[in-house]
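Student: Please find protein_3.cif (mmCIF, C-alpha atoms and all ligand atoms) on the next line:
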data_structure
#
loop_
_atom_site.label_atom_id
_atom_site.label_comp_id
_atom_site.auth_asym_id
_atom_site.auth_seq_id
_atom_site.Cartn_x
_atom_site.Cartn_y
_atom_site.Cartn_z
CA MET A 1 11.18 -6.98 3.40
CA ALA A 2 8.56 -4.56 4.73
CA ILE A 3 8.04 -1.14 3.12
CA ASP A 4 5.55 1.26 4.71
CA GLY A 5 4.71 4.90 4.27
CA PRO A 6 1.95 7.34 3.39
CA SER A 7 0.40 7.89 -0.03
CA GLY A 8 2.88 9.15 -2.62
CA SER A 9 5.96 8.37 -0.52
CA GLY A 10 7.33 6.12 -3.28
CA LYS A 11 6.47 2.66 -1.95
CA SER A 12 5.50 1.11 -5.29
CA THR A 13 8.41 2.55 -7.28
CA ILE A 14 10.99 1.74 -4.63
CA GLY A 15 9.42 -1.64 -3.84
CA ARG A 16 9.60 -2.69 -7.48
CA GLY A 17 13.20 -1.48 -7.79
CA VAL A 18 14.33 -3.29 -4.65
CA ALA A 19 12.51 -6.47 -5.66
CA ALA A 20 14.12 -6.43 -9.11
CA ALA A 21 17.57 -5.89 -7.60
CA LEU A 22 17.13 -8.75 -5.14
CA GLY A 23 15.18 -11.12 -7.40
CA LEU A 24 12.12 -11.06 -5.12
CA ASP A 25 8.38 -10.77 -5.82
CA THR A 26 6.35 -7.78 -4.61
CA LEU A 27 3.01 -7.61 -2.84
CA ASP A 28 1.05 -4.33 -2.93
CA THR A 29 -1.23 -4.66 0.10
CA GLY A 30 -2.90 -1.33 -0.70
CA ALA A 31 -4.21 -2.94 -3.88
CA MET A 32 -5.78 -5.67 -1.71
CA TYR A 33 -7.62 -3.12 0.48
CA ARG A 34 -8.65 -1.26 -2.66
CA ALA A 35 -9.99 -4.43 -4.34
CA VAL A 36 -12.07 -5.31 -1.27
CA THR A 37 -13.34 -1.71 -1.27
CA ALA A 38 -14.34 -2.03 -4.94
CA ALA A 39 -16.25 -5.21 -4.06
CA VAL A 40 -17.90 -3.49 -1.07
CA LEU A 41 -19.10 -0.63 -3.30
CA ARG A 42 -20.30 -3.05 -5.99
CA ALA A 43 -22.28 -4.98 -3.38
CA GLY A 44 -23.98 -1.78 -2.20
CA VAL A 45 -22.49 -2.21 1.28
CA GLN A 46 -21.64 0.99 3.18
CA PRO A 47 -17.85 1.36 3.68
CA GLU A 48 -18.55 2.12 7.38
CA ASP A 49 -20.44 -1.18 7.82
CA ALA A 50 -17.80 -3.38 9.51
CA GLU A 51 -19.81 -6.61 9.39
CA GLY A 52 -20.89 -6.10 5.79
CA ALA A 53 -17.37 -5.19 4.64
CA ALA A 54 -15.83 -8.19 6.46
CA ALA A 55 -18.37 -10.52 4.84
CA VAL A 56 -17.36 -9.18 1.43
CA ALA A 57 -13.65 -9.57 2.29
CA HIS A 58 -14.24 -13.22 3.26
CA ARG A 59 -16.25 -13.92 0.13
CA VAL A 60 -14.08 -12.43 -2.61
CA GLU A 61 -11.16 -14.10 -4.31
CA LEU A 62 -8.32 -11.61 -4.79
CA GLY A 63 -5.53 -11.92 -7.29
CA VAL A 64 -2.51 -9.69 -6.82
CA GLY A 65 0.78 -9.65 -8.65
CA ASP A 66 2.62 -8.26 -11.65
CA GLY A 67 0.74 -4.97 -11.34
CA VAL A 68 -2.59 -6.65 -12.11
CA THR A 69 -5.31 -6.95 -9.48
CA THR A 70 -8.26 -9.29 -9.97
CA LEU A 71 -11.53 -9.72 -8.12
CA ASP A 72 -13.10 -13.14 -8.59
CA GLY A 73 -11.02 -13.46 -11.75
CA GLU A 74 -11.96 -10.06 -13.23
CA ASP A 75 -9.22 -7.49 -13.87
CA VAL A 76 -10.03 -4.51 -11.63
CA SER A 77 -6.63 -2.78 -11.86
CA ALA A 78 -8.17 0.46 -13.18
CA GLU A 79 -11.30 0.37 -11.01
CA ILE A 80 -9.32 0.13 -7.76
CA ARG A 81 -7.64 3.49 -8.56
CA SER A 82 -10.98 5.24 -9.24
CA PRO A 83 -11.92 8.29 -7.14
CA ALA A 84 -14.84 6.35 -5.60
CA VAL A 85 -12.57 3.55 -4.33
CA THR A 86 -9.88 6.01 -3.20
CA ALA A 87 -12.48 7.96 -1.21
CA ALA A 88 -13.85 4.85 0.52
CA VAL A 89 -10.76 2.68 1.09
CA SER A 90 -9.64 4.18 4.40
CA ALA A 91 -13.06 3.51 5.95
CA VAL A 92 -13.03 -0.12 4.78
CA ALA A 93 -9.39 -0.61 5.87
CA ALA A 94 -10.15 0.74 9.36
CA HIS A 95 -12.27 -2.33 10.29
CA PRO A 96 -10.25 -4.86 12.32
CA SER A 97 -12.45 -7.65 10.91
CA VAL A 98 -11.45 -6.72 7.35
CA ARG A 99 -7.78 -6.44 8.30
CA THR A 100 -7.78 -9.90 9.89
CA VAL A 101 -8.86 -11.45 6.60
CA LEU A 102 -6.31 -9.56 4.49
CA VAL A 103 -3.41 -9.94 6.91
CA ALA A 104 -3.90 -13.73 6.84
CA ARG A 105 -3.77 -13.62 3.03
CA GLN A 106 -0.64 -11.43 3.09
CA ARG A 107 1.13 -13.90 5.40
CA ALA A 108 0.05 -16.81 3.18
CA TRP A 109 1.42 -14.98 0.14
CA VAL A 110 4.82 -14.55 1.78
CA ASP A 111 4.87 -18.22 2.83
CA ALA A 112 4.03 -19.30 -0.71
CA HIS A 113 6.69 -16.99 -2.20
CA GLU A 114 9.27 -17.79 0.47
CA GLY A 115 9.70 -14.07 1.19
CA GLY A 116 9.26 -10.99 -0.95
CA VAL A 117 8.90 -7.24 -0.79
CA VAL A 118 5.61 -6.33 0.88
CA GLU A 119 4.42 -2.73 0.89
CA GLY A 120 1.64 -1.04 2.81
CA ARG A 121 0.95 0.84 6.04
CA ASP A 122 1.33 -1.76 8.82
CA ILE A 123 3.69 -4.30 7.29
CA GLY A 124 6.69 -3.69 9.56
CA SER A 125 4.60 -2.86 12.63
CA VAL A 126 1.92 -5.57 12.56
CA VAL A 127 2.00 -8.01 9.64
CA PHE A 128 5.73 -8.88 9.66
CA PRO A 129 7.27 -7.30 12.77
CA GLY A 130 10.15 -9.79 12.43
CA ALA A 131 11.04 -8.82 8.85
CA PRO A 132 14.83 -8.68 8.44
CA VAL A 133 14.62 -5.19 6.92
CA LYS A 134 11.84 -2.69 7.56
CA VAL A 135 11.71 0.53 5.60
CA TYR A 136 9.59 3.60 6.27
CA LEU A 137 9.40 5.99 3.32
CA THR A 138 8.41 9.61 3.70
CA ALA A 139 8.35 12.70 1.48
CA SER A 140 7.11 16.25 1.88
CA GLU A 141 3.38 16.68 1.49
CA ALA A 142 3.92 18.95 -1.53
CA GLU A 143 6.08 16.36 -3.28
CA ARG A 144 3.66 13.52 -2.50
CA ALA A 145 0.77 15.57 -3.89
CA ARG A 146 2.82 16.35 -7.00
CA ARG A 147 3.45 12.63 -7.60
CA ARG A 148 -0.19 11.70 -7.05
CA THR A 149 -1.29 14.45 -9.45
CA LEU A 150 0.99 12.95 -12.12
CA ASP A 151 -0.59 9.52 -11.47
CA GLU A 152 -4.04 11.05 -11.88
CA ALA A 153 -3.04 12.73 -15.15
CA ALA A 154 -1.61 9.43 -16.41
CA ALA A 155 -5.02 7.86 -15.67
CA GLN A 156 -6.68 10.61 -17.77
CA ARG A 157 -8.12 12.32 -14.70
CA ASP A 158 -7.69 16.06 -14.78
CA ARG A 159 -7.38 17.14 -11.14
CA THR A 160 -5.70 20.15 -9.61
CA ILE A 161 -2.82 19.62 -7.23
CA GLU A 162 -4.82 21.39 -4.48
CA ASP A 163 -7.68 18.93 -4.88
CA VAL A 164 -5.31 15.95 -4.83
CA ARG A 165 -3.52 17.36 -1.79
CA THR A 166 -6.76 17.77 0.15
CA THR A 167 -8.03 14.23 -0.48
CA MET A 168 -4.56 12.77 0.14
CA ALA A 169 -4.25 14.59 3.47
CA ALA A 170 -7.67 13.31 4.56
CA ARG A 171 -6.71 9.71 3.72
CA ASP A 172 -3.36 10.03 5.50
CA ALA A 173 -5.05 11.43 8.59
CA ALA A 174 -7.55 8.55 8.61
CA ASP A 175 -4.81 5.94 8.10
CA SER A 176 -2.60 7.42 10.82
CA GLY A 177 -5.39 8.15 13.29
CA ARG A 178 -7.32 4.87 13.24
CA ALA A 179 -7.29 2.48 16.19
CA ALA A 180 -6.50 -0.70 14.22
CA SER A 181 -2.96 -0.91 12.83
CA PRO A 182 -2.43 2.79 12.15
CA LEU A 183 0.37 3.98 9.90
CA VAL A 184 3.39 4.26 12.20
CA THR A 185 7.15 3.96 11.85
CA ALA A 186 7.91 0.41 12.96
CA PRO A 187 10.58 0.02 15.64
CA GLY A 188 13.95 -0.45 13.99
CA ALA A 189 12.77 0.77 10.58
CA LEU A 190 15.15 2.48 8.19
CA VAL A 191 13.50 5.87 7.61
CA VAL A 192 14.12 7.28 4.13
CA ASP A 193 12.97 10.69 2.96
CA THR A 194 12.42 10.32 -0.80
CA THR A 195 11.64 14.00 -1.50
CA ASP A 196 14.81 15.04 -3.30
CA ARG A 197 16.44 11.72 -4.15
CA THR A 198 16.37 9.51 -7.22
CA PRO A 199 14.72 6.09 -7.04
CA ALA A 200 18.03 4.44 -8.07
CA ASP A 201 19.85 6.04 -5.13
CA ILE A 202 17.15 4.99 -2.65
CA VAL A 203 16.96 1.45 -4.03
CA ALA A 204 20.74 1.16 -3.66
CA GLU A 205 20.56 2.27 0.00
CA ILE A 206 17.83 -0.27 0.81
CA VAL A 207 19.60 -3.09 -1.04
CA ARG A 208 22.75 -2.31 1.00
CA ALA A 209 20.70 -2.51 4.21
CA PHE A 210 19.25 -5.83 3.09
CA ARG A 211 22.68 -7.27 2.29
CA ALA A 212 24.01 -6.06 5.65
CA ALA A 213 21.07 -7.69 7.48
CA GLU A 214 21.66 -10.90 5.53
CA GLY A 215 25.33 -10.85 6.45
CA ALA A 216 24.45 -10.34 10.11
CA THR A 217 22.29 -13.48 10.34
O1 LIG A 301 -1.12 2.15 -0.83
P1 LIG A 301 -2.47 2.66 -1.24
O2 LIG A 301 -2.56 4.15 -1.22
O3 LIG A 301 -2.96 2.06 -2.52
O4 LIG A 301 -3.45 2.11 -0.09
C1 LIG A 301 -4.82 2.37 -0.13
C2 LIG A 301 -5.37 2.37 1.28
O5 LIG A 301 -5.37 1.04 1.80
C3 LIG A 301 -4.64 3.20 2.31
O6 LIG A 301 -5.06 4.56 2.29
C4 LIG A 301 -5.04 2.52 3.63
O7 LIG A 301 -6.30 2.97 4.07
C5 LIG A 301 -5.18 1.06 3.20
N1 LIG A 301 -4.04 0.24 3.55
C6 LIG A 301 -3.94 -0.23 4.83
N2 LIG A 301 -2.96 -1.09 5.19
C7 LIG A 301 -2.04 -1.48 4.28
C8 LIG A 301 -2.09 -1.00 2.97
C9 LIG A 301 -3.10 -0.10 2.63
O8 LIG A 301 -4.77 0.11 5.67
N3 LIG A 301 -1.10 -2.36 4.67
#
Once more with this new file: its structure as structure tokens, please.
Tutor:
Amino acid sequence: MAIDGPSGSGKSTIGRGVAAALGLDTLDTGAMYRAVTAAVLRAGVQPEDAEGAAAVAHRVELGVGDGVTTLDGEDVSAEIRSPAVTAAVSAVAAHPSVRTVLVARQRAWVDAHEGGVVEGRDIGSVVFPGAPVKVYLTASEAERARRRTLDEAAAQRDRTIEDVRTTMAARDAADSGRAASPLVTAPGALVVDTTDRTPADIVAEIVRAFRAAEGAT
């Protein structure tokens, strides 16, 4: 199953809930782009340097799963959520040469897991256009900023909602406006506005759609 949407739309929460309900594993592809970005910054490579970033992406061994992300065996789960990585990730993710490396790994992950819930920006449109169920999550910008501000507070970072909203809007604009695999609603996707709904209600709707798609094949 493919779940796409902008920052703060609920992909991780909903993805985990759907996966638990269906007994599937989840893959957070944003964590993969973030881990490569952390490695790019560590290597002193400029995020805008396509060749340098792609070389790093080829070189690093990424571990993703169970909410833990590793880079060459080191747990980088906290580092990949740092303001420095968040500020640079859209530039790194915009390089087609970086995406080629990570998309191949995402497809290999799904093969190895015989399916799963994969969340990101281009999963239904580019990585798995043939996924039986594609979901596009949205929420109002104010609500997405509110959720991200709570995440920041949970990570002991004291940021105002205005500050979070500004950086989030810049990242969304970059992700939607780039030439390579921009954030779009995939054809045939189930569009769900998560603004005023509970996760349990949304998970139930998506599980119903999955069961219906299963029954139709
Ligand atoms: O989902 P998350 O906010 O952690 O994603 C971080 C960044 O990774 C996004 O802003 C986007 O630039 C990039 N990304 C992407 N394609 C994906 C998943 C994430 O370009 N499939």
Student: Centre and edge lengths, as lines of an AutoDock Vina configuration file, for the axis-aligned box enclosing every listed atom of segment 120-138 of chain A with 3 Å of padding on each of the six sides, in Å to one decimal?
Tutor:
center_x = 7.9
center_y = -0.1
center_z = 7.8
size_x = 19.9
size_y = 25.4
size_z = 16.0
Student: Have a look at atom CA of Arg147 of chain A and atom CA of Gly5 of chain A and let me know their distance in Å, one decimal.
Tutor: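 Straight-line distance from atom CA of Arg147 of chain A to atom CA of Gly5 of chain A works out to 14.2 Å.
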Student: Given the choices A:Val127, A:Ala93, A:Val45, A:Val164, which gets closest to ligand LIG 301 (chain A) if the distance is worked out from all atoms listed in the file?
Tutor: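 Comparing A:Val127, A:Ala93, A:Val45, A:Val164 against ligand LIG 301 (chain A), the winner is A:Ala93.
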Student: Residues within 9 Å of ligand LIG 301 (chain A) (all atoms listed in the file), as a ChimeraX atom specification?
Tutor: /A:4-8,11-12,28-34,37,80-81,85-94,99,102-103,118-123,127,168,171-172,174-176,180-183
Student: So which residues are close to (20.0, -5.6, 1.8), meaning at most 12 Å away in the file's coordinates with all atoms listed in the file counted, and can you show them as a ChimeraX atom specification?
Tutor: /A:1-2,18-19,21-24,117,131-135,190,202-217
Student: Identify which of the residues A:Pro83, A:His95, A:Glu141, A:Glu51 lies closest to Asp158 of chain A, counting all atoms listed in the file when measuring atom-to-atom distances.
Tutor: A:Pro83
Student: Which residue, A:Ala186, A:Ala35, A:Arg59, A:Arg144, has the smallest gap to Glu79 of chain A when you use only C-alpha atoms?
Tutor: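 Of all the options, A:Ala35 lies closest to Glu79 of chain A.
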Student: Fewer than 6 positions away in the same chain doesn't count, so skip those; otherwise give me all residues within 7 Å of Ala139 of chain A, counting all atoms listed in the file, as number ranges by chain.
Tutor: A: 9, 193-195
Student: Atom CA of Ala179 of chain A to atom CA of Leu27 of chain A: how many Å, to one decimal?
Tutor: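 Computing the Euclidean distance for atom CA of Ala179 of chain A and atom CA of Leu27 of chain A yields 23.9 Å.
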Student: Near Gly63 of chain A, counting only C-alpha atoms, which residues have an atom at most 9 Å away, once you skip same-chain residues fewer than 6 positions from it, shown as a PDB file with C-alpha atoms, in the frame of the given file?
Tutor:
ATOM      1  CA  MET A  32      -5.780  -5.670  -1.710  1.00  0.00           C
ATOM      2  CA  THR A  69      -5.310  -6.950  -9.480  1.00  0.00           C
ATOM      3  CA  THR A  70      -8.260  -9.290  -9.970  1.00  0.00           C
ATOM      4  CA  LEU A  71     -11.530  -9.720  -8.120  1.00  0.00           C
ATOM      5  CA  ASP A  72     -13.100 -13.140  -8.590  1.00  0.00           C
ATOM      6  CA  GLY A  73     -11.020 -13.460 -11.750  1.00  0.00           C
ATOM      7  CA  GLU A  74     -11.960 -10.060 -13.230  1.00  0.00           C
ATOM      8  CA  ASP A  75      -9.220  -7.490 -13.870  1.00  0.00           C
TER       9      ASP A  75
END
Student: Just how far from atom CA of Gly116 of chain A is atom CA of Thr26 of chain A, in Å to one decimal?
Tutor: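 The value is 5.7 Å.
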Student: Show which residues sit within 9 Å of Val40 of chain A, as a list in words. Count all atoms listed in the file, and ignore same-chain residues fewer than 2 positions away.
Tutor: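 Within the cut-off, the hits are Ala35, Val36, Thr37, Ala38, Arg42, Ala43, Gly44, Val45, Gln46, Pro47, Gly52, Ala53, Val56, Ala57 and Val92 of chain A.
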Student: Would you mind listing what lies within 8 Å of Ala54 of chain A as a PyMOL selection string, with only C-alpha atoms counted and same-chain residues fewer than 5 positions away left out?
Tutor: chain A and resi 95+97-98+101
Student: From the options A:Ile14, A:Val76, A:Ala142, A:Val64, which residue's atoms come nearest to Ala169 of chain A, counting only C-alpha atoms?
Tutor: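 Closest to Ala169 of chain A of all the choices is A:Ala142.
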Student: Return the single residue from A:Ala189, A:Asp25, A:Gly124, A:Gly15 that is closest to Asp111 of chain A, with distances computed using all atoms listed in the file.
Tutor: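 Between A:Ala189, A:Asp25, A:Gly124, A:Gly15, the residue approaching Asp111 of chain A most closely is A:Asp25.
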Student: Which residue, A:Pro199, A:Val191, A:Val126, A:Ala84, has the smallest gap to Thr167 of chain A when you use only C-alpha atoms?
Tutor: A:Ala84
Student: Mind rebuilding segment 206-217 of chain A with all heavy atoms and writing that out as a PDB file, in the frame of the given file?
Tutor:
ATOM      1  N   ILE A 206      18.633   0.790   0.180  1.00  0.00           N
ATOM      2  CA  ILE A 206      17.830  -0.270   0.810  1.00  0.00           C
ATOM      3  C   ILE A 206      18.450  -1.649   0.516  1.00  0.00           C
ATOM      4  O   ILE A 206      18.487  -2.521   1.387  1.00  0.00           O
ATOM      5  CB  ILE A 206      16.363  -0.177   0.340  1.00  0.00           C
ATOM      6  CG1 ILE A 206      15.768   1.149   0.836  1.00  0.00           C
ATOM      7  CG2 ILE A 206      15.551  -1.362   0.844  1.00  0.00           C
ATOM      8  CD1 ILE A 206      14.405   1.477   0.276  1.00  0.00           C
ATOM      9  N   VAL A 207      18.954  -1.812  -0.697  1.00  0.00           N
ATOM     10  CA  VAL A 207      19.600  -3.090  -1.040  1.00  0.00           C
ATOM     11  C   VAL A 207      20.836  -3.292  -0.149  1.00  0.00           C
ATOM     12  O   VAL A 207      21.077  -4.384   0.358  1.00  0.00           O
ATOM     13  CB  VAL A 207      19.963  -3.139  -2.545  1.00  0.00           C
ATOM     14  CG1 VAL A 207      20.905  -4.293  -2.851  1.00  0.00           C
ATOM     15  CG2 VAL A 207      18.688  -3.239  -3.385  1.00  0.00           C
ATOM     16  N   ARG A 208      21.566  -2.212   0.102  1.00  0.00           N
ATOM     17  CA  ARG A 208      22.750  -2.310   1.000  1.00  0.00           C
ATOM     18  C   ARG A 208      22.301  -2.737   2.398  1.00  0.00           C
ATOM     19  O   ARG A 208      22.916  -3.595   3.030  1.00  0.00           O
ATOM     20  CB  ARG A 208      23.456  -0.956   1.090  1.00  0.00           C
ATOM     21  CG  ARG A 208      24.497  -0.714   0.004  1.00  0.00           C
ATOM     22  CD  ARG A 208      25.468   0.419   0.374  1.00  0.00           C
ATOM     23  NE  ARG A 208      24.813   1.694   0.683  1.00  0.00           N
ATOM     24  CZ  ARG A 208      24.425   2.585  -0.243  1.00  0.00           C
ATOM     25  NH1 ARG A 208      24.625   2.344  -1.527  1.00  0.00           N
ATOM     26  NH2 ARG A 208      23.837   3.723   0.110  1.00  0.00           N
ATOM     27  N   ALA A 209      21.205  -2.150   2.870  1.00  0.00           N
ATOM     28  CA  ALA A 209      20.700  -2.510   4.210  1.00  0.00           C
ATOM     29  C   ALA A 209      20.280  -3.974   4.249  1.00  0.00           C
ATOM     30  O   ALA A 209      20.516  -4.674   5.233  1.00  0.00           O
ATOM     31  CB  ALA A 209      19.518  -1.597   4.573  1.00  0.00           C
ATOM     32  N   PHE A 210      19.688  -4.435   3.158  1.00  0.00           N
ATOM     33  CA  PHE A 210      19.250  -5.830   3.090  1.00  0.00           C
ATOM     34  C   PHE A 210      20.456  -6.767   3.127  1.00  0.00           C
ATOM     35  O   PHE A 210      20.482  -7.753   3.857  1.00  0.00           O
ATOM     36  CB  PHE A 210      18.431  -6.056   1.817  1.00  0.00           C
ATOM     37  CG  PHE A 210      17.828  -7.430   1.722  1.00  0.00           C
ATOM     38  CD1 PHE A 210      16.618  -7.727   2.342  1.00  0.00           C
ATOM     39  CD2 PHE A 210      18.473  -8.438   1.019  1.00  0.00           C
ATOM     40  CE1 PHE A 210      16.064  -8.997   2.263  1.00  0.00           C
ATOM     41  CE2 PHE A 210      17.922  -9.706   0.921  1.00  0.00           C
ATOM     42  CZ  PHE A 210      16.712  -9.990   1.543  1.00  0.00           C
ATOM     43  N   ARG A 211      21.462  -6.425   2.339  1.00  0.00           N
ATOM     44  CA  ARG A 211      22.680  -7.270   2.290  1.00  0.00           C
ATOM     45  C   ARG A 211      23.356  -7.285   3.666  1.00  0.00           C
ATOM     46  O   ARG A 211      23.844  -8.327   4.108  1.00  0.00           O
ATOM     47  CB  ARG A 211      23.666  -6.725   1.251  1.00  0.00           C
ATOM     48  CG  ARG A 211      23.132  -6.736  -0.170  1.00  0.00           C
ATOM     49  CD  ARG A 211      23.375  -8.090  -0.842  1.00  0.00           C
ATOM     50  NE  ARG A 211      22.975  -8.055  -2.246  1.00  0.00           N
ATOM     51  CZ  ARG A 211      22.155  -8.911  -2.819  1.00  0.00           C
ATOM     52  NH1 ARG A 211      21.616  -9.912  -2.123  1.00  0.00           N
ATOM     53  NH2 ARG A 211      21.853  -8.820  -4.108  1.00  0.00           N
ATOM     54  N   ALA A 212      23.375  -6.120   4.332  1.00  0.00           N
ATOM     55  CA  ALA A 212      24.010  -6.060   5.650  1.00  0.00           C
ATOM     56  C   ALA A 212      23.241  -6.919   6.646  1.00  0.00           C
ATOM     57  O   ALA A 212      23.837  -7.636   7.457  1.00  0.00           O
ATOM     58  CB  ALA A 212      24.051  -4.607   6.126  1.00  0.00           C
ATOM     59  N   ALA A 213      21.891  -6.887   6.560  1.00  0.00           N
ATOM     60  CA  ALA A 213      21.070  -7.690   7.480  1.00  0.00           C
ATOM     61  C   ALA A 213      21.277  -9.170   7.198  1.00  0.00           C
ATOM     62  O   ALA A 213      21.348  -9.979   8.120  1.00  0.00           O
ATOM     63  CB  ALA A 213      19.599  -7.317   7.325  1.00  0.00           C
ATOM     64  N   GLU A 214      21.405  -9.502   5.914  1.00  0.00           N
ATOM     65  CA  GLU A 214      21.660 -10.900   5.530  1.00  0.00           C
ATOM     66  C   GLU A 214      22.985 -11.383   6.091  1.00  0.00           C
ATOM     67  O   GLU A 214      23.088 -12.478   6.638  1.00  0.00           O
ATOM     68  CB  GLU A 214      21.753 -10.983   3.997  1.00  0.00           C
ATOM     69  CG  GLU A 214      20.596 -11.645   3.343  1.00  0.00           C
ATOM     70  CD  GLU A 214      20.871 -11.772   1.841  1.00  0.00           C
ATOM     71  OE1 GLU A 214      21.857 -11.182   1.329  1.00  0.00           O
ATOM     72  OE2 GLU A 214      20.117 -12.469   1.193  1.00  0.00           O
ATOM     73  N   GLY A 215      23.990 -10.499   5.975  1.00  0.00           N
ATOM     74  CA  GLY A 215      25.330 -10.850   6.450  1.00  0.00           C
ATOM     75  C   GLY A 215      25.365 -11.013   7.952  1.00  0.00           C
ATOM     76  O   GLY A 215      26.173 -11.766   8.490  1.00  0.00           O
ATOM     77  N   ALA A 216      24.447 -10.313   8.639  1.00  0.00           N
ATOM     78  CA  ALA A 216      24.450 -10.340  10.110  1.00  0.00           C
ATOM     79  C   ALA A 216      23.760 -11.577  10.668  1.00  0.00           C
ATOM     80  O   ALA A 216      23.855 -11.854  11.851  1.00  0.00           O
ATOM     81  CB  ALA A 216      23.753  -9.083  10.626  1.00  0.00           C
ATOM     82  N   THR A 217      23.028 -12.306   9.800  1.00  0.00           N
ATOM     83  CA  THR A 217      22.290 -13.480  10.340  1.00  0.00           C
ATOM     84  C   THR A 217      23.058 -14.773  10.082  1.00  0.00           C
ATOM     85  O   THR A 217      23.888 -14.861   9.210  1.00  0.00           O
ATOM     86  CB  THR A 217      20.890 -13.611   9.688  1.00  0.00           C
ATOM     87  OG1 THR A 217      21.036 -13.647   8.267  1.00  0.00           O
ATOM     88  CG2 THR A 217      20.000 -12.492  10.095  1.00  0.00           C
TER      89      THR A 217
END
